[in-house]
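Printed here is coords_20.cif (mmCIF, C-alpha atoms):
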data_model
#
loop_
_atom_site.label_atom_id
_atom_site.label_comp_id
_atom_site.auth_asym_id
_atom_site.auth_seq_id
_atom_site.Cartn_x
_atom_site.Cartn_y
_atom_site.Cartn_z
CA MET A 1 160.18 195.18 80.91
CA VAL A 2 156.92 193.30 80.29
CA TYR A 3 154.02 195.16 78.68
CA ASN A 4 151.44 192.78 79.94
CA GLN A 5 151.27 189.49 81.81
CA SER A 6 147.95 187.72 81.73
CA LEU A 7 146.70 186.60 85.09
CA ALA A 8 145.68 183.16 83.96
CA MET A 9 144.19 181.08 86.75
CA ASP A 10 145.83 178.00 85.31
CA PRO A 11 149.46 177.90 86.49
CA ARG A 12 150.33 175.78 83.47
CA ILE A 13 149.76 178.74 81.15
CA LEU A 14 152.03 181.76 80.84
CA GLU A 15 151.14 184.59 78.48
CA LEU A 16 153.36 187.67 78.19
CA THR A 17 153.56 190.65 75.90
CA LEU A 18 157.07 192.07 75.67
CA PRO A 19 158.52 195.17 74.08
CA PRO A 20 160.55 194.19 71.00
CA ASP A 21 163.75 194.66 72.92
CA TRP A 22 166.71 192.38 73.65
CA GLU A 23 166.83 193.14 77.37
CA ALA A 24 163.15 192.29 77.73
CA VAL A 25 163.79 188.88 76.15
CA ARG A 26 166.68 188.15 78.52
CA ALA A 27 164.58 189.19 81.48
CA VAL A 28 161.83 186.60 80.96
CA TRP A 29 164.14 183.57 81.27
CA ASP A 30 163.37 183.12 84.96
CA SER A 31 159.60 183.53 84.44
CA CYS A 32 159.57 180.88 81.73
CA ARG A 33 161.78 178.38 83.50
CA GLY A 34 160.00 178.88 86.81
CA MET A 35 156.55 178.39 85.30
CA LEU A 36 157.67 175.23 83.48
CA GLU A 37 159.16 173.74 86.64
CA ARG A 38 156.08 174.64 88.71
CA SER A 39 154.02 172.84 86.07
CA GLY A 40 155.80 169.61 86.94
CA LEU A 41 158.39 169.39 84.20
CA PRO A 42 161.75 167.90 85.22
CA PRO A 43 164.48 170.57 85.50
CA ASP A 44 166.24 169.52 82.27
CA GLU A 45 163.00 169.73 80.28
CA ALA A 46 162.09 173.07 81.84
CA TYR A 47 165.55 174.40 80.99
CA SER A 48 165.32 173.11 77.44
CA LEU A 49 161.89 174.66 76.81
CA ALA A 50 162.94 177.97 78.37
CA MET A 51 165.80 177.89 75.84
CA VAL A 52 163.23 177.30 73.07
CA ALA A 53 161.24 180.35 74.22
CA GLN A 54 164.42 182.46 74.31
CA GLU A 55 165.47 181.44 70.81
CA LEU A 56 162.02 182.20 69.35
CA LEU A 57 161.86 185.55 71.15
CA GLU A 58 165.36 186.47 69.96
CA ASN A 59 164.30 185.73 66.38
CA ALA A 60 161.21 187.92 66.82
CA VAL A 61 163.35 190.84 68.04
CA LYS A 62 165.96 190.38 65.31
CA TYR A 63 163.65 189.98 62.36
CA GLY A 64 160.30 191.43 63.43
CA ALA A 65 159.07 194.91 62.52
CA GLY A 66 158.94 196.05 66.15
CA GLY A 67 156.34 198.64 67.02
CA ALA A 68 153.86 199.14 69.81
CA ASP A 69 152.21 195.74 69.35
CA GLY A 70 155.16 194.13 71.05
CA ILE A 71 155.91 190.42 70.98
CA ARG A 72 153.48 187.91 72.43
CA LEU A 73 154.74 184.79 74.14
CA SER A 74 152.54 181.89 75.17
CA LEU A 75 153.67 178.81 77.09
CA ARG A 76 151.17 176.02 77.70
CA VAL A 77 151.90 172.81 79.55
CA GLU A 78 149.42 170.00 78.90
CA GLU A 79 149.30 166.32 79.68
CA GLU A 80 150.91 165.17 76.46
CA ASP A 81 152.75 168.20 75.17
CA VAL A 82 154.16 171.64 75.83
CA THR A 83 153.53 174.41 73.30
CA VAL A 84 155.60 177.57 72.93
CA VAL A 85 154.16 180.25 70.63
CA VAL A 86 155.72 183.61 69.77
CA VAL A 87 153.77 186.15 67.71
CA SER A 88 155.36 189.28 66.26
CA ARG A 89 154.57 191.86 63.61
CA VAL A 90 156.54 191.51 60.39
CA GLY A 91 157.36 194.28 57.94
CA GLU A 92 156.01 194.76 54.45
CA ASP A 93 159.21 193.34 53.01
CA ASP A 94 158.59 189.60 53.15
CA THR A 95 162.22 188.59 52.58
CA HIS A 96 162.67 187.41 56.13
CA VAL A 97 159.36 185.55 56.25
CA ARG A 98 160.21 183.67 53.06
CA ALA A 99 163.69 182.85 54.38
CA PHE A 100 162.20 181.78 57.69
CA GLY A 101 159.66 179.52 55.98
CA GLY A 102 162.43 177.92 53.95
CA ALA A 103 164.51 177.31 57.08
CA VAL A 104 161.61 175.68 58.93
CA GLN A 105 160.86 173.54 55.90
CA ARG A 106 164.48 172.36 55.65
CA ILE A 107 164.52 171.39 59.31
CA ARG A 108 161.19 169.59 59.10
CA GLU A 109 162.32 167.62 56.05
CA ARG A 110 165.32 166.18 57.88
CA PRO A 111 164.44 162.89 59.58
CA ASP A 112 167.17 163.41 62.17
CA SER A 113 167.28 166.79 63.93
CA PHE A 114 170.88 166.10 65.03
CA ASP A 115 171.96 165.93 61.37
CA ALA A 116 170.17 169.20 60.64
CA TYR A 117 171.91 170.87 63.57
CA VAL A 118 175.36 169.59 62.60
CA GLU A 119 174.73 170.70 59.03
CA ARG A 120 174.00 174.24 60.23
CA LEU A 121 177.18 174.26 62.32
CA GLN A 122 179.18 173.16 59.29
CA GLN A 123 177.60 175.91 57.20
CA VAL A 124 178.56 178.47 59.85
CA ALA A 125 182.15 177.24 59.63
CA LEU A 126 182.22 177.61 55.86
CA ARG A 127 180.78 181.10 55.49
CA PRO A 128 182.48 184.36 56.49
CA TYR A 129 181.66 185.52 60.01
CA ALA A 130 178.33 187.29 60.19
CA PRO A 131 175.94 187.64 63.11
CA GLY A 132 172.48 186.26 62.44
CA GLY A 133 171.02 184.34 59.55
CA SER A 134 172.67 181.05 60.45
CA GLU A 135 169.38 179.23 61.22
CA LEU A 136 171.22 177.68 64.16
CA GLY A 137 168.53 178.81 66.60
CA LEU A 138 165.78 176.99 64.73
CA ALA A 139 167.92 173.88 64.30
CA ARG A 140 168.72 173.99 68.00
CA ILE A 141 165.01 174.16 68.89
CA ALA A 142 164.41 171.02 66.84
CA TYR A 143 167.46 169.12 68.10
CA GLU A 144 168.19 170.24 71.65
CA GLY A 145 164.60 171.26 72.41
CA ARG A 146 163.13 168.19 70.63
CA CYS A 147 160.33 170.40 69.32
CA ALA A 148 158.32 170.32 66.11
CA LEU A 149 158.36 173.75 64.48
CA ASP A 150 155.52 175.39 62.57
CA PHE A 151 154.46 178.90 61.65
CA SER A 152 151.60 180.89 60.17
CA LEU A 153 151.26 184.40 58.79
CA ASP A 154 148.06 186.33 59.40
CA ALA A 155 147.36 190.03 58.85
CA GLY A 156 151.01 191.00 59.15
CA PHE A 157 151.74 188.90 62.23
CA LEU A 158 154.05 185.89 62.20
CA ALA A 159 153.15 183.18 64.70
CA VAL A 160 155.86 180.58 65.32
CA SER A 161 155.10 177.50 67.36
CA ALA A 162 157.34 174.84 68.87
CA VAL A 163 155.61 171.76 70.22
CA TYR A 164 157.34 169.34 72.57
CA ARG A 165 155.80 165.89 73.01
CA ARG A 166 156.20 164.81 76.61
CA MET B 167 192.21 176.32 90.24
CA GLY B 168 193.87 179.51 91.52
CA GLU B 169 193.26 183.11 90.69
CA PRO B 170 192.87 183.77 86.97
CA ALA B 171 195.75 185.43 85.16
CA ARG B 172 193.20 187.60 83.41
CA ARG B 173 189.45 188.07 83.36
CA TRP B 174 187.06 189.55 80.80
CA VAL B 175 183.44 190.44 81.58
CA GLN B 176 180.58 191.29 79.27
CA GLY B 177 177.12 191.51 80.79
CA GLU B 178 176.38 188.24 82.58
CA LEU B 179 179.30 186.41 80.95
CA SER B 180 182.86 186.21 82.17
CA LEU B 181 185.91 184.48 80.75
CA GLU B 182 188.83 183.67 83.04
CA ALA B 183 192.29 182.86 81.70
CA HIS B 184 194.28 180.27 83.66
CA GLU B 185 197.78 179.31 82.59
CA GLY B 186 198.69 175.68 83.16
CA PRO B 187 201.30 173.23 81.95
CA GLY B 188 201.04 173.12 78.19
CA GLU B 189 197.76 174.97 77.99
CA LEU B 190 195.92 178.23 78.33
CA ARG B 191 192.50 177.53 79.83
CA LEU B 192 189.61 179.94 79.36
CA ILE B 193 186.84 179.21 81.84
CA TRP B 194 183.42 180.46 80.79
CA ARG B 195 181.01 181.47 83.58
CA GLY B 196 177.51 182.88 83.67
CA ARG B 197 175.31 183.41 80.65
CA SER B 198 176.14 184.33 77.06
CA ALA B 199 172.97 185.91 75.69
CA ASP B 200 174.07 189.03 73.83
CA ARG B 201 172.53 189.88 70.49
CA GLU B 202 175.96 189.76 68.84
CA PRO B 203 178.24 187.77 71.16
CA GLY B 204 181.03 187.83 68.60
CA LYS B 205 181.69 191.52 69.27
CA PHE B 206 183.00 190.60 72.71
CA LEU B 207 184.17 187.05 72.13
CA LEU B 208 186.10 187.21 68.88
CA PRO B 209 188.74 189.72 70.07
CA VAL B 210 189.22 187.83 73.35
CA LEU B 211 189.46 184.45 71.67
CA GLY B 212 191.66 185.79 68.87
CA GLU B 213 194.09 187.14 71.45
CA ALA B 214 194.06 183.79 73.25
CA ILE B 215 194.90 181.94 70.03
CA GLU B 216 197.79 184.31 69.36
CA THR B 217 199.10 183.81 72.91
CA CYS B 218 198.92 180.04 72.50
CA ARG B 219 200.67 180.19 69.13
CA ARG B 220 203.56 182.22 70.58
CA ARG B 221 203.93 179.95 73.61
CA ALA B 222 203.28 176.74 71.68
CA VAL B 223 200.56 175.64 74.09
CA ARG B 224 197.04 174.34 73.63
CA LEU B 225 193.95 176.50 74.06
CA CYS B 226 191.26 174.93 76.23
CA LEU B 227 187.80 176.49 76.22
CA ASP B 228 186.17 175.22 79.40
CA PHE B 229 182.38 175.59 79.27
CA SER B 230 181.56 173.30 82.19
CA ALA B 231 180.62 176.19 84.52
CA LEU B 232 178.57 178.02 81.89
CA GLU B 233 174.88 178.31 82.75
CA TYR B 234 173.43 179.25 79.37
CA MET B 235 174.39 180.36 75.90
CA ASN B 236 172.20 181.37 73.00
CA SER B 237 172.60 179.97 69.53
CA SER B 238 174.31 183.20 68.40
CA THR B 239 177.24 182.27 70.66
CA PHE B 240 177.99 179.16 68.60
CA THR B 241 179.06 181.22 65.59
CA PRO B 242 182.13 182.85 67.25
CA ILE B 243 183.00 179.49 68.85
CA VAL B 244 182.93 177.72 65.49
CA LYS B 245 184.96 180.54 63.95
CA THR B 246 187.51 180.25 66.77
CA ILE B 247 187.91 176.54 66.12
CA ASP B 248 188.69 177.35 62.50
CA GLU B 249 191.04 180.19 63.45
CA ALA B 250 192.96 177.89 65.80
CA ARG B 251 193.24 175.23 63.11
CA ARG B 252 194.65 177.71 60.61
CA ALA B 253 197.10 179.06 63.21
CA GLY B 254 198.32 175.55 64.01
CA VAL B 255 197.13 175.86 67.62
CA GLY B 256 195.62 172.83 69.32
CA ILE B 257 192.18 173.56 70.75
CA ALA B 258 190.01 171.60 73.17
CA LEU B 259 186.41 172.34 74.08
CA GLU B 260 185.45 170.92 77.46
CA TYR B 261 181.85 170.66 78.62
CA SER B 262 179.90 169.13 81.47
CA GLN B 263 178.19 165.85 80.68
CA ALA B 264 176.08 166.37 83.80
CA LYS B 265 174.38 169.34 82.15
CA LYS B 266 172.02 167.94 79.57
CA TRP B 267 171.99 171.07 77.40
CA GLN B 268 175.79 171.05 77.27
CA ALA B 269 175.92 167.34 76.48
CA LEU B 270 173.55 167.89 73.54
CA SER B 271 174.99 171.13 72.21
CA PHE B 272 178.66 170.34 72.51
CA SER B 273 178.46 166.75 71.33
CA ALA B 274 177.29 168.22 68.00
CA LEU B 275 180.53 170.19 67.83
CA ARG B 276 182.41 166.89 67.64
CA THR B 277 181.85 167.18 63.89
CA PHE B 278 184.91 169.48 63.95
CA GLU B 279 187.20 167.04 65.79
CA THR B 280 190.34 165.93 63.97
CA PRO B 281 191.91 162.46 64.23
CA ASP B 282 195.26 163.94 65.33
CA GLY B 283 193.62 165.58 68.35
CA GLN B 284 194.40 169.14 67.25
CA ILE B 285 190.71 169.86 67.64
CA ALA B 286 189.05 167.96 70.48
CA VAL B 287 185.63 168.16 72.12
CA LEU B 288 185.63 166.54 75.55
CA GLY B 289 182.78 165.80 77.92
CA ARG B 290 183.80 165.73 81.60
#
Before anything else, please render the file you have as C-alpha cells.
Amino acid sequence: MVYNQSLAMDPRILELTLPPDWEAVRAVWDSCRGMLERSGLPPDEAYSLAMVAQELLENAVKYGAGGADGIRLSLRVEEEDVTVVVVSRVGEDDTHVRAFGGAVQRIRERPDSFDAYVERLQQVALRPYAPGGSELGLARIAYEGRCALDFSLDAGFLAVSAVYRR
Amino acid sequence: MGEPARRWVQGELSLEAHEGPGELRLIWRGRSADREPGKFLLPVLGEAIETCRRRAVRLCLDFSALEYMNSSTFTPIVKTIDEARRAGVGIALEYSQAKKWQALSFSALRTFETPDGQIAVLGR
C-alpha cells in the first residue's frame, strides 16, 4: 500500500509516499496515530492530528492528478508544534487549485474556526446532495484539529500544510 | 441493549437498528471512511426515516460507539436531519462527550437543533 517509507532516525518524523488510492489513505491511519502517540502527544491530540492527515490525504486523492509520483505525507513533531504536510501532483486545469485556495483563504479569514465549521455545515444543508466540494474537511482541520492551514504550488505540485501549536 | 432487529455493514462501518419504546435507534460502530459514504448511508437512513414516520416514533442516531468518521460522512448526516424534518419525524443525534473528537464535531451540529426538540443533538 505504501510506495516508500523513509527510515528516519528521528521517531518524531514520519515520511510516506502513497499511491493516489483511497485504500492506501485508509491504511496509514494506524501509522500516523501510532507515530504521534510515540512522540509523546496525548491520545486525543494524536487522534486529532491523525484525522488532519487523513483529511488532507483524502483531498489529495479526490482532487489530485494521480500518477506515478504518488502522494507524499510528512508528519513532524517538534517542541512547540506539529506539522502535517501533504504534497500531490495537480492537473493542468487549475480549477481545483483556485477553489482550494479560496477555501483556505475563507477559513483563515474567520477569527473563530467554530463559526467557519458551522457555516460549512449550514451550506451543506442548503445545497442539493453532492459528494465532495463541501470544504467541510478543511474547516474541520481548522476547528477540530486546531491547525493553521497554508498551501503552495510549485512545478505542478500542491503542498498543503496544517500546523498545530502545542 | 439486546440483539439488533437489523444490521447493515459497509467496509469497517456497521449500523444496528434497535427498536425501543417510542424510538428506532441506529447504533453506529466502527469507522466511516468511504470516499462517498452517502451511497451506503442515504438509503439506510432514508428507510429508517420512513419506518419512523409510519410508526410515529423518533429516530435516534447513536454515534457514541463510533471510532472515526471522515468529513464526507457529515454530508449524508446533515441531509438526513433535513429529510427527517421535512417528513415530520423527530430525530436525535447522540454522541459521547468522553470522546473529544465527538464532542467537538457533534456539538457543531447543534446549529440544526429546534426549540421544540424535533431535532436534538445530545452529548452523553
key: Residue nearest chain A - candidates B:Asp282, B:Glu202, B:Glu260, B:Glu185, atoms counted: all atoms listed in the file   = B:Glu202
task = Evaluate the PyMOL selection byres ((chain A) within 10 of (chain B)) on the structure here and hand back the selected residues as an MDAnalysis selection string.
result = chainID A and resid 22:23 25:26 43:45 47:48 51:52 54:55 58 61:62 114:115 117:119 121:122 124:141 143:145
What box, with edges along x, y and z, holds each listed atom of stretch 237-240 of chain B when 3 Å is added on every side, and can you state its centre and edge lengths in Å to one decimal, as lines of an AutoDock Vina configuration file?
center_x = 175.3
center_y = 181.2
center_z = 69.5
size_x = 11.4
size_y = 10.0
size_z = 8.3
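With all atoms listed in the file as the atoms that count, the residue of B:Leu225, B:Gly283, B:Trp194, B:Leu207 with the shortest distance to B:Tyr261 is B:Trp194.
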ask   = Any idea what the distance is between atom CA of A:Ala162 and atom CA of A:Asn59?
value = 13.2 Å
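Residues in contact range of A:Ile13, defined as at most 7 Å between all atoms listed in the file, with sequence neighbours fewer than 6 positions away removed, read Leu75, Arg76 and Val77 of chain A.
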Please complete stretch 252-263 of chain B so it has all heavy atoms, and hand it over as a compact mmCIF listing (two decimals), in the frame of the given file.
# COMPACT_ATOMS: atom_id res chain seq x y z
N ARG B 252 193.80 177.05 61.60
CA ARG B 252 194.65 177.71 60.61
C ARG B 252 195.95 178.24 61.23
O ARG B 252 196.96 178.36 60.56
CB ARG B 252 193.87 178.84 59.93
CG ARG B 252 192.83 178.26 58.96
CD ARG B 252 192.21 179.30 58.04
NE ARG B 252 191.25 180.12 58.75
CZ ARG B 252 191.41 181.42 58.97
NH1 ARG B 252 192.49 182.03 58.57
NH2 ARG B 252 190.48 182.10 59.60
N ALA B 253 195.90 178.56 62.53
CA ALA B 253 197.10 179.06 63.21
C ALA B 253 197.99 177.93 63.71
O ALA B 253 199.06 178.18 64.27
CB ALA B 253 196.69 179.96 64.39
N GLY B 254 197.54 176.69 63.54
CA GLY B 254 198.32 175.55 64.01
C GLY B 254 198.30 175.40 65.52
O GLY B 254 199.21 174.81 66.11
N VAL B 255 197.25 175.94 66.16
CA VAL B 255 197.13 175.86 67.62
C VAL B 255 196.14 174.75 67.97
O VAL B 255 195.03 174.70 67.43
CB VAL B 255 196.62 177.21 68.19
CG1 VAL B 255 196.25 177.08 69.67
CG2 VAL B 255 197.68 178.29 68.00
N GLY B 256 196.54 173.86 68.85
CA GLY B 256 195.62 172.83 69.32
C GLY B 256 194.51 173.47 70.15
O GLY B 256 194.76 174.42 70.91
N ILE B 257 193.30 172.98 70.00
CA ILE B 257 192.18 173.56 70.75
C ILE B 257 191.29 172.44 71.29
O ILE B 257 191.01 171.47 70.58
CB ILE B 257 191.38 174.56 69.88
CG1 ILE B 257 190.28 175.25 70.71
CG2 ILE B 257 190.80 173.90 68.65
CD1 ILE B 257 189.64 176.45 70.02
N ALA B 258 190.92 172.57 72.55
CA ALA B 258 190.01 171.60 73.17
C ALA B 258 188.80 172.36 73.72
O ALA B 258 188.95 173.42 74.31
CB ALA B 258 190.71 170.85 74.29
N LEU B 259 187.63 171.80 73.50
CA LEU B 259 186.41 172.34 74.08
C LEU B 259 185.95 171.36 75.14
O LEU B 259 185.69 170.19 74.83
CB LEU B 259 185.31 172.51 73.02
CG LEU B 259 185.35 173.75 72.13
CD1 LEU B 259 186.60 173.78 71.26
CD2 LEU B 259 184.11 173.81 71.24
N GLU B 260 185.88 171.80 76.38
CA GLU B 260 185.45 170.92 77.46
C GLU B 260 184.08 171.34 77.95
O GLU B 260 183.82 172.53 78.15
CB GLU B 260 186.44 170.98 78.63
CG GLU B 260 187.76 170.29 78.31
CD GLU B 260 188.65 170.15 79.54
OE1 GLU B 260 188.19 170.44 80.67
OE2 GLU B 260 189.81 169.75 79.36
N TYR B 261 183.21 170.36 78.15
CA TYR B 261 181.85 170.66 78.62
C TYR B 261 181.47 169.67 79.72
O TYR B 261 182.14 168.66 79.92
CB TYR B 261 180.85 170.61 77.47
CG TYR B 261 180.69 169.26 76.82
CD1 TYR B 261 179.73 168.36 77.26
CD2 TYR B 261 181.51 168.88 75.76
CE1 TYR B 261 179.58 167.11 76.67
CE2 TYR B 261 181.37 167.64 75.16
CZ TYR B 261 180.40 166.76 75.62
OH TYR B 261 180.27 165.53 75.04
N SER B 262 180.37 169.98 80.40
CA SER B 262 179.90 169.13 81.47
C SER B 262 178.87 168.13 80.95
O SER B 262 177.82 168.53 80.45
CB SER B 262 179.26 169.97 82.58
OG SER B 262 178.56 169.14 83.48
N GLN B 263 179.17 166.85 81.10
CA GLN B 263 178.19 165.85 80.68
C GLN B 263 177.00 165.80 81.63
O GLN B 263 175.94 165.28 81.29
CB GLN B 263 178.86 164.48 80.62
CG GLN B 263 179.75 164.33 79.39
CD GLN B 263 180.39 162.97 79.31
OE1 GLN B 263 180.80 162.40 80.33
NE2 GLN B 263 180.50 162.44 78.11
